[in-house]
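Visitor: The structure's right below; bear with me while I get my questions together.
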Amino acid sequence: MFKKFSPSTDIAGQTPVKTSVQRGIRAAILSQWKIEPETLEALWPKKEGLVHVKCRDHVSIYSLHGEPLIIQHFDGPFYPTLRVLHKYPYILPKVGIDRGAIRYLLAGAPMMCPGLTSKGGWLPPAEEGLPAGSAVAIFAEGKDHAVGVGLLKLGTEEMRRVNKDVAVELATYLGDDLWAHKAL
Amino acid sequence: MPSKKNQTLVTPVSAPEESVAPPPPDPVPPVQYECSLVCSFPPEYCEFGSSLTRCKEWLKETHENLYDKYYSEDALTSKVGTLSLEAQAKLEKDTAKKEAKAEAKADAALKKKLASQIIIKRIERNKRKHVTSVQGLEAFGVDLKKAAKQFSSKFATGSSVTKNLQGQDEIVVQGDVSDEIIEMIHDGVGVLKGIPADNVDLVEEKKKKGGD
């Protein structure tokens, strides 16, 4: 989503968010991410207002004091920015890709099933299987920090069975233009 | 409909061992980590960036323990992980190529920067009045909006950032201030830092509208 993103041309407008909408976002985050209310409070204090940055292609970024925190495409799930995910790695369920897929991910390609089902990849076990359409944190084989945030196109069990085609679509990844701009 | 107040009064009865208002648990502290100043990635991803050698030097100087963790002998062998030998070799070749390309691009950009000129034009508006146009500041990494504001406050006239016919951004300052602008660039005040003196060019233009 942020493969080519330059604030001067791609930002349509920045508006402060209404408190009612903010409450809605806060509630949605508490339900979608695995985050404690106290930790969310430390990251985004209740008194502080978010700024809604509208970008092209119906992409919204919610930022606090200029630092982007949350990404949303259309009315889809909320994704944390990669910097936020690095600080709190547990807020999203994780999937792992193998080493060979890292360079393709860093170029912005969607992740294919074999990258996750192979020996180097990692999928959550069957009891914790994730449905299609959930936001996940993408980790790489042998690395401590997340490489990207994406949306599952197939459930994890389906991935193991079918093992073909796109598994995860990227929302943001390490080194994309959103990572390059620490403040908007 | 039971109000919120009634509900909170009920809970302490069911959990008598807790105090009336259990203290909220502490927030989980964020993971602290540092990104490489060279490639802006966390150090473990430097090999996928475009400047591995410089990243390694930087890491060795600043965080010796992290350097050993990522680049020591057994760390490198374990990093190969599940890739076959030829895949790993190909990966290394690709990253080396990418690094070389990035270096070439940085060199070309630097050369272009040294060669590019700042053109200061003095354009005649009416018989008495002139405007001064400054082109080419962006090649030197100057924020045009801030520079325009600086000019307008210094000369107490209007100044703005516009796109000229070629599509480049230029700063237009009302009045004939070309000499003062040259001086400001020489002194390097405010945003106008680091511009070598010989890259500045002064041009006089007579914007003659076609006669009727």
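Just so we're on the same page: first chain in the structure tokens is A, next is B, and so on; residues restart at 1 for each chain, and ligands are numbered from 1 in the order they show up.
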Please report, as CSV, each residue of chain A lying at most 10 Å from chain B, together with the nearest pair of atoms and the separation in Å rounded to one decimal; use only C-alpha atoms, and order rows by chain and ascending residue number.
Guide:
residue,atom,partner,partner_atom,distance
A:Ile35,CA,B:Val28,CA,9.3
A:Glu36,CA,B:Pro27,CA,7.3
A:Pro37,CA,B:Pro27,CA,8.0
A:Glu38,CA,B:Pro27,CA,4.7
A:Thr39,CA,B:Pro27,CA,4.4
A:Leu40,CA,B:Pro27,CA,8.0
A:Glu41,CA,B:Pro27,CA,8.0
A:Ala42,CA,B:Pro27,CA,6.8
A:Leu43,CA,B:Pro30,CA,8.8
A:Val84,CA,B:Pro30,CA,8.8
A:Leu85,CA,B:Val31,CA,9.4
A:His86,CA,B:Val31,CA,7.0
A:Lys87,CA,B:Val31,CA,4.5
A:Tyr88,CA,B:Pro30,CA,5.5
A:Pro89,CA,B:Val31,CA,7.9
A:Asp98,CA,B:Thr82,CA,7.8
A:Arg99,CA,B:Leu83,CA,7.0
A:Gly100,CA,B:Leu83,CA,6.9
A:Ile102,CA,B:Phe48,CA,8.3
A:Arg103,CA,B:Phe48,CA,6.7
A:Leu106,CA,B:Phe48,CA,7.9
A:Ser118,CA,B:Thr82,CA,9.2
A:Lys119,CA,B:Thr82,CA,6.8
A:Gly120,CA,B:Thr82,CA,5.8
A:Gly121,CA,B:Thr82,CA,9.5
A:Ala140,CA,B:Tyr45,CA,9.9
A:Glu141,CA,B:Gly81,CA,8.1
A:Gly142,CA,B:Lys79,CA,6.7
A:Lys143,CA,B:Glu44,CA,6.7
A:Asp144,CA,B:Glu44,CA,8.0
A:His145,CA,B:Pro42,CA,7.5
A:Ala146,CA,B:Pro42,CA,9.7
A:Val147,CA,B:Tyr45,CA,8.8
A:Leu174,CA,B:Phe41,CA,7.2
A:Gly175,CA,B:Phe41,CA,7.1
A:Trp179,CA,B:Ser40,CA,8.6
A:Ala180,CA,B:Ser40,CA,7.8
Visitor: Quick one: residues within 12 Å of Glu158 of chain A, only C-alpha atoms counted, chain neighbours fewer than 4 positions away excluded, as a ChimeraX atom specification?
Guide: /A:113,116-117,123,126,129-132,152-154,162-167
Visitor: What's around Lys146 of chain B at 12 Å? Count only C-alpha atoms, leave out sequence neighbours fewer than 4 positions away in its own chain, and write the answer as a compact mmCIF listing (two decimals) with N, CA and C atoms, in the first residue's frame.
Guide:
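Below is the file that was written, part31.txt:
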# COMPACT_ATOMS: atom_id res chain seq x y z
N LEU B 137 16.86 25.76 -6.06
CA LEU B 137 17.26 25.56 -4.67
C LEU B 137 17.00 24.14 -4.19
N GLU B 138 16.06 23.42 -4.87
CA GLU B 138 15.70 22.12 -4.32
C GLU B 138 16.81 21.12 -4.52
N GLY B 141 18.56 20.66 -1.42
CA GLY B 141 17.84 20.21 -0.24
C GLY B 141 17.28 21.32 0.61
N VAL B 142 16.90 22.44 -0.02
CA VAL B 142 16.35 23.53 0.77
C VAL B 142 14.83 23.44 0.73
N GLN B 150 11.30 32.99 4.68
CA GLN B 150 12.45 33.71 5.17
C GLN B 150 12.71 34.95 4.32
N PHE B 151 12.61 34.80 2.99
CA PHE B 151 12.82 35.94 2.11
C PHE B 151 11.79 37.02 2.38
N SER B 152 10.54 36.60 2.51
CA SER B 152 9.50 37.61 2.65
C SER B 152 9.64 38.36 3.96
N SER B 153 10.11 37.68 5.01
CA SER B 153 10.26 38.41 6.27
C SER B 153 11.49 39.30 6.24
N SER B 159 6.44 36.92 -1.08
CA SER B 159 7.22 35.92 -1.79
C SER B 159 6.41 34.64 -1.81
N SER B 160 6.58 33.85 -2.85
CA SER B 160 5.78 32.64 -2.95
C SER B 160 6.54 31.58 -3.72
N VAL B 161 6.03 30.36 -3.62
CA VAL B 161 6.62 29.24 -4.36
C VAL B 161 5.67 28.94 -5.51
N ILE B 171 11.06 30.17 -6.42
CA ILE B 171 10.59 31.15 -5.43
C ILE B 171 10.56 32.50 -6.13
N VAL B 189 22.40 31.91 5.56
CA VAL B 189 21.51 32.16 6.69
C VAL B 189 20.33 31.21 6.66
N GLY B 190 19.86 30.84 7.82
CA GLY B 190 18.61 30.11 7.95
C GLY B 190 18.61 28.78 7.20
N VAL B 191 17.65 28.63 6.28
CA VAL B 191 17.54 27.36 5.57
C VAL B 191 18.57 27.24 4.45
N LEU B 192 19.16 28.41 4.09
CA LEU B 192 20.06 28.39 2.94
C LEU B 192 21.44 27.93 3.32
Visitor: Can you tell me which residues surround Gly13 of chain A at a distance of at most 8 Å, considering only C-alpha atoms, apart from same-chain residues fewer than 5 positions away, and format the answer as an NGL selection string?
Guide: :A and (53-55)
Visitor: Work out how far apart atom CA of Glu169 of chain A and atom CA of Gly24 of chain A are and give it in Å to one decimal.
Guide: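 For atom CA of Glu169 of chain A relative to atom CA of Gly24 of chain A, the distance reads 25.6 Å.
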Visitor: Go ahead and compute the interatomic distance for atom CA of Gln117 of chain B and atom CA of Lys129 of chain B, in Å to one decimal.
Guide: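 Taking atom CA of Gln117 of chain B and atom CA of Lys129 of chain B, their separation equals 25.6 Å.
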Visitor: With only C-alpha atoms as the counted atoms, please give the residues lying no more than 12 Å from Val203 of chain B, apart from itself and same-chain residues fewer than 6 positions off, as a VMD selection string.
Guide: chain B and resid 117 to 124 132 to 135 178 to 179 182
Visitor: What gap, in Å, lies between atom CA of Lys149 of chain B and atom CA of Glu183 of chain B?
Guide: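 Atom CA of Glu183 of chain B lies at a distance of 16.9 Å from atom CA of Lys149 of chain B.
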Visitor: Skipping near chain neighbours, those fewer than 4 positions away, what residues fall within 12 Å of Phe74 of chain A using only C-alpha atoms, listed as an MDAnalysis selection string?
Guide: chainID A and resid 54:61 78
Visitor: When DSSP works through the backbone of this structure, what residues of segment 18-64 of chain A end up as strand (DSSP E or B), shown as a ChimeraX atom specification?
Guide: /A:51-55,59-64
Visitor: Taking 3 positions as the minimum chain separation for residues in the same chain, which residues sit within 9 Å of Pro77 of chain A when counting only C-alpha atoms? Answer as a PyMOL selection string.
Guide: chain A and resi 28-29+32+71-74+133-135+151
Visitor: Ranking A:Tyr173, A:Tyr62, A:Tyr90, A:Tyr79 by minimum distance to Gln14 of chain A and counting only C-alpha atoms, which one comes first?
Guide: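 That would be A:Tyr62, the residue with the smallest distance to Gln14 of chain A.
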Visitor: List every residue of segment 23-63 of chain A that DSSP, applied to the backbone of this structure, assigns to alpha helix (DSSP H), and report them as a list of chain:residue names.
Guide: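 Taking segment 23-63 of chain A and keeping alpha helix (DSSP H) only, one gets A:Arg23, A:Gly24, A:Ile25, A:Arg26, A:Ala27, A:Ala28, A:Ile29, A:Leu30, A:Ser31, A:Gln32, A:Pro37, A:Glu38, A:Thr39, A:Leu40, A:Glu41, A:Ala42, A:Leu43.
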Visitor: For Glu170 of chain B, which residue among B:Glu61, B:Ala148, B:Glu86, B:Arg125 is the nearest when counting only C-alpha atoms?
Guide: B:Ala148
